[in-house]
Each structure stands twice: as C-alpha cells, then as structure tokens.
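S.K.: Structure in structure tokens, see below.
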Amino acid sequence: LEAKLEEVAAEASKERKLREHSEVFSKQLENELEALKMKQGGRAAGATLEHQQELSKMKSELEKKILFYEEELVRREASHVLEVKNVKKEVHDSESHQLALQKEIMILKDKLEKTKRERHSEMEEAVGTMKEKYERERSMLLEDNKKLTTENERLCSFVDKLTAQNRQLEDELQDLAAKKESVAHWEAQIAEIIQWYALNLLQQDPLWKVRRSQKLDMSARLELQSALDAEIRAKQLVQEELRKVKDANISFESKLKESEAKNRELLEEMEGLRKKMEEKYRTDSGLKLPDFQDSIFEYFNTSPLARDLTFRTSSISEQETQGPKSEVSPSTSVVTAEQQQEVREPLFYPKEMPAAPSPTIQSISLAVPKPKAHQLNIKSFTSPTQCSHCTSLMVGLVRQGYACDVCSFACHVSCKDSAPQVCPIPPEQAKRPLGVDVQRGIGTAYKGYVKVPKPTGVKKGWQRAYAVVCDCKLFLYDVPEGKSTQPGVVASQVLDLRDEDFCVSSVLASDVIHATRKDIPCIFRVTASLLGLPSKSCSLLILTENENEKRKWVGILEGLQSILHKNRLKNQVVHIPQEAYDSTLPLIKASLAAAIVDRDRIAIGSEEGLYVIEVTRDVIVRAADCKKVYQIELAPKEKIIILICGRNHHVHLYPWASLDGSEGNFDIKLAETKGCQLITTGTLKKSSATCLFVAVKRQVFCYEIHRTKPFHKKFSEIQAPGTVQWMAVFKDKLCVGYQSGFSLLTIQGDGQSINLVNPNDPSLMFLSQQSFDALCAVELNNEEYLLCFSHMGVYVDSQGRRSRMQELMWPATPVACSCNSSYVTVYSEYGVDVFDVNTMEWVQTIGLRRIRPLNMDGTLNLLNCEPPRLIYFKNKFAAGAVLSVPETSDNSKKQMLRTRSKRRFVFKVPEEERLQQRREMLRDPELRSKMISNPTNFNHVAHMGPGDGMQVLMDLPLSVLPAAQDEKPCPSTANLSRQQQQQRSKTYISWPSSSGSDVGGAMPSRSMSDPDQEFDKE
Ligand SMILES: [Zn+2]
Ligand SMILES: [Zn+2]
C-alpha cells in the first residue's frame, strides 16, 4: 500500500511539475508576445496587422492548449482520487487484520504466563522437600559421629591404661631380675667368705698382734732420731757463722778506731789549715769575701731562676779587644755570644780539679803556684749583667765593668781588686748563689722575668720585664717583644727599697679591674713615695708567673726591707719633690723655663712671655712681653733679668722692677747673641759684678752686667773646642762641655785653658772614639772634676787625667741633668736618680715619670703628667733660693682673673663659683664641716663680753660665714669645734684656698690680707 501511495505521490508531483513547466512556458510566450507587440507597434502600422493575425492565431492556439491541459488535469485528478480511495480501503483492511493478529498474540501470552507460574511452584515444592531430606540426614550423621568419637576416646584411655600396666610390669620384672643377680652375688660372696674364714681358721697365730705393735714403735723411734740429727747439724752451722761474724766485727771495730783517730788528726789539720787561710786572707790586701753563709737569703739559692738566667756567661764573649766601637754596636748579638760560650765551656771544665771533696782543700788549691790571672778589660754589656764577685748588677749604659777575655768572669770596676784573680774562676765560685751582704745591702737577692702593665696602662695589657732585686733597689728592664728575650741595659723602672714609703702588697680584684681573674693571685703591688707635698706615692703592679713565684717575690722584698730597716740602711733623701703651685694654672702647662726669684715668687717663661707667680698670694704678674722664653737667669745684685727668648734665641735684658708688674723702662736685646743656645752667670774674682756668658755655637760672649746704663758691657769673646752644650764658671774659668769633652777656658786671656779630657790619657781614649753629649761638670774639693756625659760620668784631675778608675753609671738614658757641688741629678724616662759626686753613691731614686728640669740647678721641674705639674725639688743640703711652697689641691676651681692693672692677674675662685660653693656648703652638712677650717686667730673674740657674744651668735647664720671681715665666727660652739677636731684628723681634706679669707684663718699669711681688695685699691 505504501509503495502505491508513493507511486501516486510521485506521479502527482510529476504532474505538478509539468503544470509549472507549462505555466512558465505560457509566461514566456506572453512575454514574447508582448515583445512582439511592442515591435509591431514600433515598426510599422503595416506590420501590426500581420502581427495581430498571428497574435490571434497564437491566442487561439494557446486557448486550445490551455483547454487540453485542463481536461487532462481533471482526468488525472479523478483517477488519482480513485486510486487514493482504493489505497485507503486496502489500508483499512490491513489494519483490521493486524488487530486480529494482536488479539491472538495476547491470548498466547496469557497462556505462557500460566504455564510458567505452574512450573515454578512445582519446582519450589520439589526443592523444599529435598532440603528437608538433607537436613534430616545431616543431623543423623552428626549424631553418629559423636557416638563414634566418644567410643574412640574410651578406647584410647583404655590403651593408655594398658601400656602403663605393661610398663609397671616391665619394671617389676627388671627389679626382680636385679634382685635375682644380687642374690646370686651375695651367695657367691658368702660362699667366698665362708671359704676364706675357713682358711683363716686354719692358719691362726697368737703372736701376730704383739709383733705388729713392736714394728710400729720402732719406725717412729727411727724417724725422731733422724729429725734430731738434722736439727743438731743446723745449729752447728749457725754457731759457726756467728763466730765468723763476731770475728769480723771485732776487726771492724779496731779498724773504726783507727780511722777515727785518723779522722781526728785530719780535722786538726783542717783546723790548722783554715786558720792559716784566714791569716792569709787577713794579710792579703783587702781581700774580703762577703760572708754569704750569714745571708738569710740562702734559701733563695735553690731558686731555679739562678740557672736559667745566664747573663753573666752570655756576656763574656764580647771582648774589649774587639775595639770600643763594637762595644756598643747593636750587631753584637747575644746568640753568637752564647754559641761561643758553648764552645768554650767544655774547654775549661775538664781542666778543673777532678775531685774537690771539701771547700778547704779547694781553697788550698788557690795557694798552689802558677795561678793564672784574669785578663780583664773594660767592657760594655748589652743586657743586665751581674758582678761575679759581689753579685750586684753592673748598672750602666756602657763600660759597666771588667770582663775576663778568657773565662766568664765579670766584675765591677770597684770589685776588681778584691775579687779572686784566679782564672778561670773555680766552679763553686762561678756558681755563686744570689745573696745579699746584709751589712751593706749589696748583692742580688732575687731576679726573674715578670710582667708589668704596658706604658699606656694596665687596661692595654701586660708586657714582659726582667726584674732584679739588687743593692736595695728593684730594677725593671723591658724585655722587647719577639724572639730575642734579652732585656736591654736601660732600666725602665727603679724603685728604692730604702724609701720610707716603700711597701709590697697583694692586690684585690677591685684594685686591678682590668686583670683576668686567674692573674689576680699572681699580682703584687710595689709602692714608693713620689711627692713629698702633697704626699703622693707611685705604685707599680707586677704580674708573676704563678702564685708561688709571687709569694717568693713578696717574701724577698719584705724580708729585705726589714733587714734594711734593722740595719738602718736608710734612703738618703736629697730632693724632696713638692708641688710648687696649683696645677690648674694654665701657665704651668706652657712653661719652658723657670727660676726662683725669692721665697714667694717663681718666674715662669712660656710661649707668651715671662710671668711671675706670687705663690702665697695667688697673684700672677706678666713681667715681660716677649715671645718664647727659653732660659731665665737672674742677676739680683744688678737688678737685671736675663732671658733667652724670641724666635731667634736672642738674649734680652729686662729691669728687675718688671717682676713686680711695673712697666719696664728698658728692654735690651744683645744683637750679636742671635741663635744662642745657652747662657750662664757667675762672678769673677776681679770684679764684684755679675758676668754673663752667652754661648752661640762654639762662640762664648762674656759680658759684665751693671746696675746702670748701658747695663752691660762685653769684655771678652772665647772660642770653645766644640759646640757648647753646657757651661759654668769654675774659679775664674769658664768650664764648657761639648761633644765628648769638657774644657776649662780662661776668660780674660790670663792663664791657660785646660782640656779636662787629656788626650794623653789612654784610659780616656774611648771618649774621642765615640760621641758622647756633655751633660754637666762638677768641681770637687780636691781639684777633681766630675764630667758627666750622656752615657757615664768620668772623674778627672786638674790636668784632665783620669782620677778614679770607677765611672759614674746611669741606670737609664739621661734626658737631662742638673748638678750642684755635692749631687748630680739625672733625669731619665722613668724618673730622677741622684748621685753623690764625692762617694759616687747612687743615693736617691724618685719615680716621677717624664719630668724635666726648668732651670739649670734643677730646683724647678715640669712633671709632664695630666695635668702638668710644677715640681719643686726642695734640697736639704744645697744653699740657694728656697721656696715657700703653698698647699695645692687637684680640684681647685681657680681661674685667672684680670685686675685693674693690666699686668696683674689674680688666680682665684671667681665670685659666682664661690657663691655656688657656698650654696653647696649650705646644702651638704658633711661638706660644710670639711670646708670650715679651724679658727686659729682668736683676736677678734678676745674683747667680746659674754652677753655680746651671745647676741652675735644669735645673729650669725652658723652655716654660712659671709665674706665680710667684720663677721666673727665663734669657736665656742661645741658642735662646731668638734667638727673641726674631726677635720684635723682627716688629712685628705683639701683646703679651698679661696675661702681662706672668709673663714679667717688656716693660713694667716694668706687670709690676713685679701689680695682682691688690695688690687681694688690700686
Ligand atoms: Zn778569667
Ligand atoms: Zn761587684
């Protein structure tokens, strides 16, 4: 049906297409017609007719065609409808057929379902029955199983029982078998015994028992007999030995007696010899050996240090024969010295006496003929060396002493004659221990390496030093850093044990806050006096290697000090250093030169000119307007001041009156003195006038100074042998010092100049071979001169020949030197050393570091500390200007204040400061009690009546004592006086000098007149 339907549809569409086609065609025709019409209309009227005919023909044709097609269409449509009707009918039929079929299918399905259900139920029933059956069978089987297992168990236990029974039976059987065997054995034994017994019974003897006991007794007896024999034999042996020993003993005793007798004889002989020796010593020219047996320092001899410091031996190799130039040349190394020493030692020691049993015999050997003497020559040692004779250090920079060319002997020049001359030195003498001659305090007590704070302070650490306790002094030598551990000969510090303030003490951790904790027990402190006034001491910390070492050092220093004290070996105090004026005065810092004018006045030369300090009145006077004062000389008799000043170092003369601050009426410049280095004054026999000597290089100009115009007169001009380094007038002659020499020059051409270093004296040759700066010269009483050079001091006679073999030795390099008729004062980096020029003794050491003299005689010095201080050396022995030293304090608040006079200043505490102080005083009662001094002048209270006094007291504010002089501090108040007494005992209290006038009294000289007011009056 569908296929038909499609056919029909396709036919219909074909027809539709045809129709469409015809329609298109007709349209085409119409268009053509139209076009033709148009053509006909356009061409000609004639043609239109034809065209109309044609057109009508065409039209009819077209109508025919249209009719045909319409008919055709109708026909076709009719057929089509018919066909469609047919097809629809067919479709209907087929549908009904389909329905019928579906019904059939439904029926069949039902049938199938029914049968399915039936089968299923059947199956289920069958399975249920089967299951039941299975279950039943299973339970039955389980029951059977149970039954069987129980039965099995029962059977097993039965089997066990049976086996146990079986075993028991077996055991029983074995037992029975064993019993059976033993019974058999027993039977056998019994049979045997019976047999044996039967035999015994047969052989029975009645004596058997007795025989047996007799036998036993005999054997015991024999044993005892043999033991006794052995004992007897041993005893006999012992007796034999004893007898021998007794014999030997007797022989020994006799021998002992003999030897004792011999010994006694020998002792007697020894005594005799010793006496002889002593006699010999006494007769010998001053040959004295200090008695070291008595030294309490004997126990130090065991000190291990004695061995490891071999300066004595190390220095011997540096020979004098090498020439004086090499003496001080630094190239002489210690290493080579030691090497030589090593080579030399084995040469000598085997030659020594092979056996030296006692010192007595050793000393006898001294008397043996052919003693070789030392070959001694003066030598320069490069490190601290001990004298082989007296054990003291050979202090000095060069030429410290004699050394033997052959052996290791070295000694002081002064010890040379008393030292034993045998070369080489006997070994027991060579190893002479350290020790001190208690009577004179000479010798080395102890030495060793220690550590001291670095020069920049203990904060920076420690540096090694070599310390020697010798000749009542503690010497310290810097040990240079690096491998060469040999200290140099320049002492870095010397402390005198004879110093009254000298003390040794341990330190606490609080004293050395920069030291490490473990170092503290190894540190000790040595203190020595520094300034007399205000009393100050310097202390030095010394770090030892260990605590034991420290104990030794402290013990030795203290022991030595007590010995010195016991023997009254006191320090000779030549200079008493005192602070001359308040260090806060700025002038002091800049001072270049100074002079003592009189008791109360000091002249100070500075960069800005000459100033005078009136020390007791705190007045500063500008005395002369000049630049840079290098030297001040005073001619009080002529009332003239002589200065070297200015850029060109000219000599200027100023009137004395300018010291008081008045305007000077003259200022004379000696033109020819340009560039002068030194001036000195002195008097000559001829005229009473003061003479002035001006050294300009080698030239010395001589002037007479006069009171009146023109104040000076040149009278001579002398040529010195060298650039003048020092000069002074000695008995109408001018003594000048120059490089390596001194000369006495005639001043006015009378007499002859004398070279104090005689070129004909071979012992002074060394001076010309090397350049030594001239420091100063001293004229001694007996026409003897001491010439001090930069490295040593030499004694010569009036002809310039050496008068003493011994030379004056400096412990450290001098930087300056001052002298008077009895003492030479040498300034070095660590302080000041004073030497007695007559006895050559080194009498005093002052530990003032970096101190320089400001005048020729060294009475005024500048201590270059912070702040710089002006130090006055009060000399007990020297005559000359004495200064009255005021009390000074470190914390004064004084300031330079101008007065009405432009040349005068007052150095005092300014008013505001004073008020401030007073205010503080009011606030702090403690300070108040300190600041109020004891009243010493009671004149003003003498006339006071009882009533008056009370009234005044009531008006008086006790805490503040005003400046006005009519105020009366009352001493009667018990409270106040008690405070004052307390104050007296407190030495540390500093007196503020400014308030002196206010309170009326600690220092009358100052308080009686107020300088301030005086100036106001002016
Ligand atoms: Zn010798
Ligand atoms: Zn000596």
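Identifiers in the structure tokens: chain A, B, ... in order shown; residue index from 1 per chain; ligand index from 1 in order shown.
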Determine, using only C-alpha atoms and all ligand atoms, which residues of chain A have any atom at most 6 Å from an atom of ligand 1, and tabulate each with its shortest atom pair and distance in Å to one decimal place, rows ordered by chain and then rising number, as JSON lines.
M.R.:
```
{"residue": "A:His374", "atom": "CA", "partner": "ligand 1", "partner_atom_place_in_ligand_line": "1 (Zn)", "distance": 3.7}
{"residue": "A:Gln375", "atom": "CA", "partner": "ligand 1", "partner_atom_place_in_ligand_line": "1 (Zn)", "distance": 5.8}
{"residue": "A:Cys404", "atom": "CA", "partner": "ligand 1", "partner_atom_place_in_ligand_line": "1 (Zn)", "distance": 4.4}
{"residue": "A:Val406", "atom": "CA", "partner": "ligand 1", "partner_atom_place_in_ligand_line": "1 (Zn)", "distance": 4.9}
{"residue": "A:Cys407", "atom": "CA", "partner": "ligand 1", "partner_atom_place_in_ligand_line": "1 (Zn)", "distance": 4.0}
{"residue": "A:Phe409", "atom": "CA", "partner": "ligand 1", "partner_atom_place_in_ligand_line": "1 (Zn)", "distance": 5.3}
{"residue": "A:Cys423", "atom": "CA", "partner": "ligand 1", "partner_atom_place_in_ligand_line": "1 (Zn)", "distance": 4.0}
{"residue": "A:Pro424", "atom": "CA", "partner": "ligand 1", "partner_atom_place_in_ligand_line": "1 (Zn)", "distance": 4.6}
```
S.K.: Considering only helix (DSSP H, G or I) as DSSP defines it on the backbone, what residues of stretch 551-665 of chain A qualify? List them as a list in words.
M.R.: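 Taking stretch 551-665 of chain A and keeping helix (DSSP H, G or I) gives Arg551, Lys552, Trp553, Val554, Gly555, Ile556, Leu557, Glu558, Gly559, Leu560, Gln561, Ser562, Ile563, Leu564, His565, Lys566, Pro586, Leu587, Ile588, Lys589, Trp656, Ala657, Ser658, Leu659 and Asp660 of chain A.
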S.K.: Hey, which residues come within 9 Å of ligand 2 if we count only C-alpha atoms and all ligand atoms? Could you give them as JSON, numbers by chain?
M.R.: {"A": [386, 387, 388, 389, 390, 391, 392, 393, 394, 401, 410, 411, 412, 413, 414, 415, 416, 419, 442, 443]}
S.K.: For A:Ile747, which residue out of A:Glu253, A:Glu32, A:Glu717, A:Glu829 is the nearest one, using only C-alpha atoms?
M.R.: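 Between A:Glu253, A:Glu32, A:Glu717, A:Glu829, the residue approaching A:Ile747 most closely is A:Glu717.
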S.K.: Please, what distance in Å, to one decimal, runs between atom CA of A:Glu841 and atom CA of A:Leu808?
M.R.: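 Distance reported for this atom pair: 8.6 Å.
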S.K.: Pick the closest to A:Leu787 from A:Ser884, A:Ser768, A:Ser743, A:Gln463: which is it, counting only C-alpha atoms?
M.R.: A:Ser743
S.K.: To one decimal place in Å, what is the distance between atom CA of A:Lys460 and atom CA of A:Ile513?
M.R.: 12.1 Å
S.K.: Which one of A:Ser583, A:Val398, A:Arg801, A:Gln677 sits closest to A:Thr813 if you count only C-alpha atoms?
M.R.: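 Between A:Ser583, A:Val398, A:Arg801, A:Gln677, the residue approaching A:Thr813 most closely is A:Val398.
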S.K.: When you count only C-alpha atoms, which of these residues is closest to A:Val489: A:Leu634, A:Met809, A:Leu610, A:Ile520?
M.R.: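 Closest to A:Val489 of all the choices is A:Met809.
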